[in-house]
Structures are given as C-alpha cells and as structure tokens.
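S.K.: So that we are looking at the same thing, I have put the structure below in structure tokens.
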Amino acid sequence: MRLKEAAGWNQTEADWERVLALEPQGCFAIEYDGQVRATTTAVCFGQELAWVGMVLTDAPYRGRGFARRLMGHTLAYLRRKRVAWIKLDATDMGRPLYERLGFQDEGTIERWIRPAGALTPQSGIVERFDFDAALDRKAFGADRSRLLHVLAGIESASIAEMGFAMGRPGARAAYFGPCVARSADGARKLLQWFLEQHAEESVCWDILPANADAVALAREFGFTPVRRLARMVLAGVDNPPALCNDDALVYAPAGFEFG
C-alpha cells in the first residue's frame, strides 16, 4: 500500500487482497533493507491469457533492476504454466522495459474521471446481477468467470439480454468496471445505475478508445480523460492459438491489474 500510495494509484487494500487470493503463486515482491521495495502480480484466466499488473518500485530504489528482475520472474512463472498470451497496461515509465521483454502494442486504454456531485438522470430498471458468461467471453476473449464472481459480490447489476456492470470502492474515486454490453443503450443504463449509487463521490472509468460509444458516453456524463496507457501483449508459448476478443462490447475493463 505504501508503494501504491506513492504512485498515486486508486487501488485499496481489498484490491491487493483480491489479487493475492485469485493468484497466490503469481504475486511477487523484492524485499530490501527490511521492506518491500518492488512488486508485480499476474492473474491467469486458464491457460488462454494472463494479466500482469501492480508493477511498482519504491522511488529511491529505482534504477537497480528490481522491476526487470520481477518481470523476468513473472514471465518465467507464466511460461511454466503454458499460458498462451500475456497482456498488461503500460505506463510511460514502464513501457521501455516491457518493449525490451518483447511486449508489443495492441492499443491504448484511458482513465477518465467524473467529479463528485454531477447530476445523473434516472436509469430505469436494472436487475439483480446475472452473469452472461457467453457474452463476457466474446468481449474479453477468455474465461474470467472466477474473477467476475468475486467482483460481483461487491457491487453489480445487469439488464437481461443487454449486459452487466460492476463497481468497487477506490482510494481516490469509486471505480466503474467491468461493464460489458451489447449496445450503447444498455451501457448507458448500467452507467446511470452506478452513478446514482455514487453521486457524492468522484468516479473513475477506464475506457478503450477503440469503443467510440464508450467515449461518447463518458463525455455525455461529464467524465474527462486524465491519463493514457499502452495496452501491450506478448506470446507466452510458441505459435499460440488466436485470442479473439471484441472491444466493441467492452464499455469498461475490470482494472489495470485485471484487464
């Protein structure tokens, strides 16, 4: 948490605990001078895909190769598990390291923020959460049902035949995501549902700019972009099978540490 706070990130202690619970053998750290100085996590979605996140180094200890060592250790772990594809969302600081490790650009992802107190129209009927596994697999490209069942217990809702959305507390702003919807209309209702619950809080929303409808909704509801990361990918095995995902259905990812 000390490293995360120094970086200004939004994760809470509960977010760390969820990552550790989902992939207890895939979370690594370097301890130096009696304290944790660098971290890396990897969450696996079967053998199809793994997501690397929480790559943090204590500022006074940067330049010593800690992140490179941890990333090498993490990639070795994922290759032993024969994970076909490895992805991450890279900050400008981390991107040169990932490029040296063989990661290639796949696209971009942006964080948008909405201030507390902005007015939100009523959303209408949003139902108790019902997980549409087929829709999510089409959107994400791999089976992440284990992750979604964990996140669904925090805050979640769905609309029959339209999609679902989740959210969770953040250290600096409530977090909207993941959200998978068949149409912009469904995504709008789900977004309104979440904003109604958090009218007195700032809300952050990660958006894939390739989804123009998500960008338009963000502007409509008073969000503004504050940072951009590079989404990067690396083959974990030789000749991996194609990973088919549909960003047009992804209105909000699950987070930089989950994809």
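A note on labels: chains of the structure tokens are A, B, ... as shown, every chain counts residues from 1, and ligands are counted from 1 in their shown order.
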From segment 44-215 of chain A, collect each residue whose DSSP state is helix (DSSP H, G or I) and return the set as a ChimeraX atom specification.
M.R.: /A:59-61,66-80,95-100,133-140,145-152,184-197,212-215
S.K.: Sorted by chain and rising residue number, list the residues of segment 62-106 of chain A at most 9 Å from segment 16-37 of chain A (counting only C-alpha atoms), each with its closest atom pair and distance in Å to one decimal, as a Markdown table.
M.R.:
```
| residue | atom | partner | partner_atom | distance |
| --- | --- | --- | --- | --- |
| A:Phe66 | CA | A:Ile30 | CA | 7.1 |
| A:Ala67 | CA | A:Ile30 | CA | 9.0 |
| A:Arg69 | CA | A:Ile30 | CA | 8.9 |
| A:Leu70 | CA | A:Phe28 | CA | 6.9 |
| A:His73 | CA | A:Phe28 | CA | 8.2 |
| A:Thr74 | CA | A:Gly26 | CA | 6.9 |
| A:Tyr77 | CA | A:Gly26 | CA | 7.2 |
| A:Leu78 | CA | A:Gly26 | CA | 8.1 |
```
S.K.: Skipping near chain neighbours, those fewer than 4 positions away, what residues fall within 6 Å of Val83 of chain A using only C-alpha atoms, listed as an mmCIF file with C-alpha atoms, in the first residue's frame?
M.R.:
```
data_model
loop_
_atom_site.group_PDB
_atom_site.id
_atom_site.type_symbol
_atom_site.label_atom_id
_atom_site.label_comp_id
_atom_site.auth_asym_id
_atom_site.auth_seq_id
_atom_site.Cartn_x
_atom_site.Cartn_y
_atom_site.Cartn_z
ATOM 1 C CA GLN A 47 -4.116 -21.135 -19.976
ATOM 2 C CA GLU A 48 -5.522 -18.720 -22.534
ATOM 3 C CA LEU A 49 -4.465 -15.411 -21.014
ATOM 4 C CA LEU A 78 3.582 -17.863 -16.673
ATOM 5 C CA ARG A 79 5.613 -19.790 -19.239
ATOM 6 C CA GLY A 236 3.700 -16.895 -23.796
#
```
S.K.: So, counting only C-alpha atoms, which residue among A:Ala118, A:Leu147, A:Ala76, A:Ala59 is closest to Glu257 of chain A?
M.R.: A:Leu147
S.K.: Would you return as a ChimeraX atom specification the members of segment 6-244 of chain A that DSSP assigns to strand (DSSP E or B) on this structure's backbone?
M.R.: /A:27-32,35-45,49-57,85-90,104-114,127,156-159,163-168,174-181,203-207,224-235
S.K.: Which residues of segment 181-225 of chain A sit at most 12 Å from segment 156-177 of chain A, using only C-alpha atoms? Give each one's shortest atom pair and distance in Å (one decimal place), in chain and ascending residue order, as a tab-separated table.
M.R.:
```
residue	atom	partner	partner_atom	distance
A:Ala181	CA	A:Gly163	CA	4.1
A:Arg182	CA	A:Met162	CA	5.3
A:Ser183	CA	A:Met162	CA	6.9
A:Ala184	CA	A:Met162	CA	9.4
A:Asp185	CA	A:Met162	CA	8.5
A:Gly186	CA	A:Met162	CA	5.4
A:Ala187	CA	A:Gly163	CA	7.4
A:Arg188	CA	A:Ala165	CA	10.5
A:Lys189	CA	A:Ile159	CA	8.6
A:Leu190	CA	A:Ala165	CA	6.1
A:Leu191	CA	A:Ala165	CA	7.8
A:Gln192	CA	A:Ala165	CA	10.6
A:Trp193	CA	A:Ala157	CA	8.1
A:Phe194	CA	A:Phe176	CA	7.2
A:Leu195	CA	A:Phe176	CA	8.7
A:Glu196	CA	A:Ala174	CA	11.9
A:Gln197	CA	A:Ala174	CA	9.9
A:His198	CA	A:Ala174	CA	7.2
A:Ala199	CA	A:Ala174	CA	10.1
A:Glu200	CA	A:Ala174	CA	10.0
A:Glu201	CA	A:Ala173	CA	6.5
A:Ser202	CA	A:Ala173	CA	4.8
A:Val203	CA	A:Ala174	CA	4.7
A:Cys204	CA	A:Tyr175	CA	5.1
A:Trp205	CA	A:Phe176	CA	5.3
A:Asp206	CA	A:Gly177	CA	7.6
A:Ile207	CA	A:Gly177	CA	9.4
A:Leu208	CA	A:Gly177	CA	12.0
A:Ala218	CA	A:Phe176	CA	11.4
A:Phe223	CA	A:Phe176	CA	11.9
```
S.K.: Those same residues, written as a PDB file, in the first residue's frame with N, CA and C atoms?
M.R.:
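Once written, out.pdb looks like this:
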```
ATOM      1  N   ALA A 181     -21.586  -4.774 -22.554  1.00  0.00           N
ATOM      2  CA  ALA A 181     -22.958  -4.525 -23.021  1.00  0.00           C
ATOM      3  C   ALA A 181     -23.055  -4.750 -24.520  1.00  0.00           C
ATOM      4  N   ARG A 182     -24.242  -5.168 -24.943  1.00  0.00           N
ATOM      5  CA  ARG A 182     -24.474  -5.421 -26.368  1.00  0.00           C
ATOM      6  C   ARG A 182     -24.720  -4.143 -27.152  1.00  0.00           C
ATOM      7  N   SER A 183     -25.024  -3.043 -26.454  1.00  0.00           N
ATOM      8  CA  SER A 183     -25.321  -1.796 -27.147  1.00  0.00           C
ATOM      9  C   SER A 183     -24.986  -0.616 -26.256  1.00  0.00           C
ATOM     10  N   ALA A 184     -24.869   0.550 -26.871  1.00  0.00           N
ATOM     11  CA  ALA A 184     -24.625   1.768 -26.105  1.00  0.00           C
ATOM     12  C   ALA A 184     -25.799   2.079 -25.182  1.00  0.00           C
ATOM     13  N   ASP A 185     -27.017   1.737 -25.595  1.00  0.00           N
ATOM     14  CA  ASP A 185     -28.180   1.991 -24.761  1.00  0.00           C
ATOM     15  C   ASP A 185     -28.105   1.189 -23.465  1.00  0.00           C
ATOM     16  N   GLY A 186     -27.717  -0.082 -23.570  1.00  0.00           N
ATOM     17  CA  GLY A 186     -27.555  -0.899 -22.374  1.00  0.00           C
ATOM     18  C   GLY A 186     -26.456  -0.372 -21.479  1.00  0.00           C
ATOM     19  N   ALA A 187     -25.342   0.015 -22.088  1.00  0.00           N
ATOM     20  CA  ALA A 187     -24.234   0.560 -21.301  1.00  0.00           C
ATOM     21  C   ALA A 187     -24.637   1.848 -20.599  1.00  0.00           C
ATOM     22  N   ARG A 188     -25.428   2.683 -21.265  1.00  0.00           N
ATOM     23  CA  ARG A 188     -25.880   3.936 -20.658  1.00  0.00           C
ATOM     24  C   ARG A 188     -26.705   3.656 -19.396  1.00  0.00           C
ATOM     25  N   LYS A 189     -27.630   2.724 -19.467  1.00  0.00           N
ATOM     26  CA  LYS A 189     -28.454   2.399 -18.300  1.00  0.00           C
ATOM     27  C   LYS A 189     -27.601   1.864 -17.148  1.00  0.00           C
ATOM     28  N   LEU A 190     -26.633   1.035 -17.469  1.00  0.00           N
ATOM     29  CA  LEU A 190     -25.771   0.471 -16.433  1.00  0.00           C
ATOM     30  C   LEU A 190     -24.882   1.554 -15.815  1.00  0.00           C
ATOM     31  N   LEU A 191     -24.396   2.461 -16.636  1.00  0.00           N
ATOM     32  CA  LEU A 191     -23.601   3.564 -16.125  1.00  0.00           C
ATOM     33  C   LEU A 191     -24.446   4.457 -15.218  1.00  0.00           C
ATOM     34  N   GLN A 192     -25.657   4.749 -15.635  1.00  0.00           N
ATOM     35  CA  GLN A 192     -26.547   5.578 -14.807  1.00  0.00           C
ATOM     36  C   GLN A 192     -26.810   4.909 -13.463  1.00  0.00           C
ATOM     37  N   TRP A 193     -27.020   3.596 -13.494  1.00  0.00           N
ATOM     38  CA  TRP A 193     -27.210   2.849 -12.244  1.00  0.00           C
ATOM     39  C   TRP A 193     -26.039   3.073 -11.301  1.00  0.00           C
ATOM     40  N   PHE A 194     -24.820   2.978 -11.808  1.00  0.00           N
ATOM     41  CA  PHE A 194     -23.649   3.109 -10.951  1.00  0.00           C
ATOM     42  C   PHE A 194     -23.499   4.542 -10.452  1.00  0.00           C
ATOM     43  N   LEU A 195     -23.703   5.504 -11.336  1.00  0.00           N
ATOM     44  CA  LEU A 195     -23.536   6.902 -10.943  1.00  0.00           C
ATOM     45  C   LEU A 195     -24.569   7.323  -9.899  1.00  0.00           C
ATOM     46  N   GLU A 196     -25.760   6.751  -9.969  1.00  0.00           N
ATOM     47  CA  GLU A 196     -26.776   7.044  -8.959  1.00  0.00           C
ATOM     48  C   GLU A 196     -26.317   6.601  -7.566  1.00  0.00           C
ATOM     49  N   GLN A 197     -25.597   5.481  -7.521  1.00  0.00           N
ATOM     50  CA  GLN A 197     -25.126   4.959  -6.234  1.00  0.00           C
ATOM     51  C   GLN A 197     -23.970   5.787  -5.676  1.00  0.00           C
ATOM     52  N   HIS A 198     -23.313   6.559  -6.544  1.00  0.00           N
ATOM     53  CA  HIS A 198     -22.078   7.248  -6.136  1.00  0.00           C
ATOM     54  C   HIS A 198     -22.133   8.731  -6.487  1.00  0.00           C
ATOM     55  N   ALA A 199     -23.290   9.331  -6.342  1.00  0.00           N
ATOM     56  CA  ALA A 199     -23.481  10.731  -6.737  1.00  0.00           C
ATOM     57  C   ALA A 199     -22.590  11.690  -5.948  1.00  0.00           C
ATOM     58  N   GLU A 200     -22.239  11.311  -4.734  1.00  0.00           N
ATOM     59  CA  GLU A 200     -21.435  12.204  -3.888  1.00  0.00           C
ATOM     60  C   GLU A 200     -19.952  11.870  -3.934  1.00  0.00           C
ATOM     61  N   GLU A 201     -19.553  11.011  -4.855  1.00  0.00           N
ATOM     62  CA  GLU A 201     -18.150  10.613  -4.961  1.00  0.00           C
ATOM     63  C   GLU A 201     -17.617  10.914  -6.355  1.00  0.00           C
ATOM     64  N   SER A 202     -16.320  11.108  -6.441  1.00  0.00           N
ATOM     65  CA  SER A 202     -15.679  11.082  -7.744  1.00  0.00           C
ATOM     66  C   SER A 202     -15.727   9.643  -8.267  1.00  0.00           C
ATOM     67  N   VAL A 203     -15.816   9.514  -9.579  1.00  0.00           N
ATOM     68  CA  VAL A 203     -15.874   8.190 -10.203  1.00  0.00           C
ATOM     69  C   VAL A 203     -14.801   8.108 -11.277  1.00  0.00           C
ATOM     70  N   CYS A 204     -14.044   7.012 -11.280  1.00  0.00           N
ATOM     71  CA  CYS A 204     -13.089   6.794 -12.365  1.00  0.00           C
ATOM     72  C   CYS A 204     -13.551   5.632 -13.220  1.00  0.00           C
ATOM     73  N   TRP A 205     -13.250   5.738 -14.505  1.00  0.00           N
ATOM     74  CA  TRP A 205     -13.735   4.805 -15.521  1.00  0.00           C
ATOM     75  C   TRP A 205     -12.615   4.628 -16.546  1.00  0.00           C
ATOM     76  N   ASP A 206     -12.168   3.389 -16.712  1.00  0.00           N
ATOM     77  CA  ASP A 206     -11.166   3.085 -17.730  1.00  0.00           C
ATOM     78  C   ASP A 206     -11.875   2.725 -19.027  1.00  0.00           C
ATOM     79  N   ILE A 207     -11.407   3.306 -20.118  1.00  0.00           N
ATOM     80  CA  ILE A 207     -12.095   3.178 -21.403  1.00  0.00           C
ATOM     81  C   ILE A 207     -11.103   2.788 -22.485  1.00  0.00           C
ATOM     82  N   LEU A 208     -11.507   1.863 -23.348  1.00  0.00           N
ATOM     83  CA  LEU A 208     -10.743   1.538 -24.548  1.00  0.00           C
ATOM     84  C   LEU A 208     -11.193   2.514 -25.633  1.00  0.00           C
ATOM     85  N   ALA A 218     -18.910   8.710 -21.982  1.00  0.00           N
ATOM     86  CA  ALA A 218     -18.097   9.364 -20.966  1.00  0.00           C
ATOM     87  C   ALA A 218     -18.226  10.880 -21.070  1.00  0.00           C
ATOM     88  N   PHE A 223     -17.439  13.021 -17.767  1.00  0.00           N
ATOM     89  CA  PHE A 223     -16.101  12.490 -17.499  1.00  0.00           C
ATOM     90  C   PHE A 223     -15.073  13.202 -18.381  1.00  0.00           C
TER      91      PHE A 223
END
```
S.K.: Can you pull out every residue within 6 Å of segment 242-249 of chain A, counting only C-alpha atoms, but drop anything in the same chain fewer than 4 positions away, and send it as a list of chain:residue names?
M.R.: A:Lys138, A:Ala139, A:Phe140, A:Gly141, A:Val180, A:Ala181, A:Arg182, A:Asn211
S.K.: One decimal, Å: what's the distance from atom CA of Ala152 of chain A over to atom CA of Asp130 of chain A, could you say?
M.R.: 9.2 Å
S.K.: Hey, can you check how far atom CA of Ala212 of chain A sits from atom CA of Arg228 of chain A?
M.R.: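 That distance, rounded to one decimal, is 15.6 Å.
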S.K.: Quick one: distance from atom CA of Ala230 of chain A to atom CA of Ala14 of chain A in Å, one decimal?
M.R.: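 Those two atoms sit 25.5 Å apart.
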S.K.: Taking only C-alpha atoms into account, name the residue in A:Phe103, A:Phe256, A:Phe221, A:Trp112 that is nearest to Val55 of chain A.
M.R.: A:Phe256
S.K.: From the set A:Ala254, A:Ala6, A:Ala42, A:Val233, which residue has the shortest atom-to-atom contact distance to Cys179 of chain A, counting only C-alpha atoms?
M.R.: A:Ala254
S.K.: Given only C-alpha atoms as the basis, pick out the residue of A:Gly117, A:Met232, A:Arg111, A:Arg64 nearest to Pro253 of chain A.
M.R.: A:Arg111
S.K.: Pick out the closest residue to Pro209 of chain A from this set: A:Gly153, A:Gly8, A:Gly255, A:Pro225. Count only C-alpha atoms.
M.R.: A:Pro225
S.K.: If you count only C-alpha atoms, which residues fall within 8 Å of Asp143 of chain A, apart from same-chain ones fewer than 4 positions away, as an MDAnalysis selection string?
M.R.: chainID A and resid 45:46 133 136:137
S.K.: Produce a file of the selected residues containing C-alpha atoms, as a PDB file, in the first residue's frame.
M.R.:
```
ATOM      1  CA  PHE A  45      -7.505 -16.811 -16.948  1.00  0.00           C
ATOM      2  CA  GLY A  46      -6.961 -20.504 -17.539  1.00  0.00           C
ATOM      3  CA  ALA A 133     -20.711 -15.986 -19.487  1.00  0.00           C
ATOM      4  CA  ASP A 136     -18.290 -11.873 -21.462  1.00  0.00           C
ATOM      5  CA  ARG A 137     -16.132 -14.466 -23.197  1.00  0.00           C
TER       6      ARG A 137
END
```
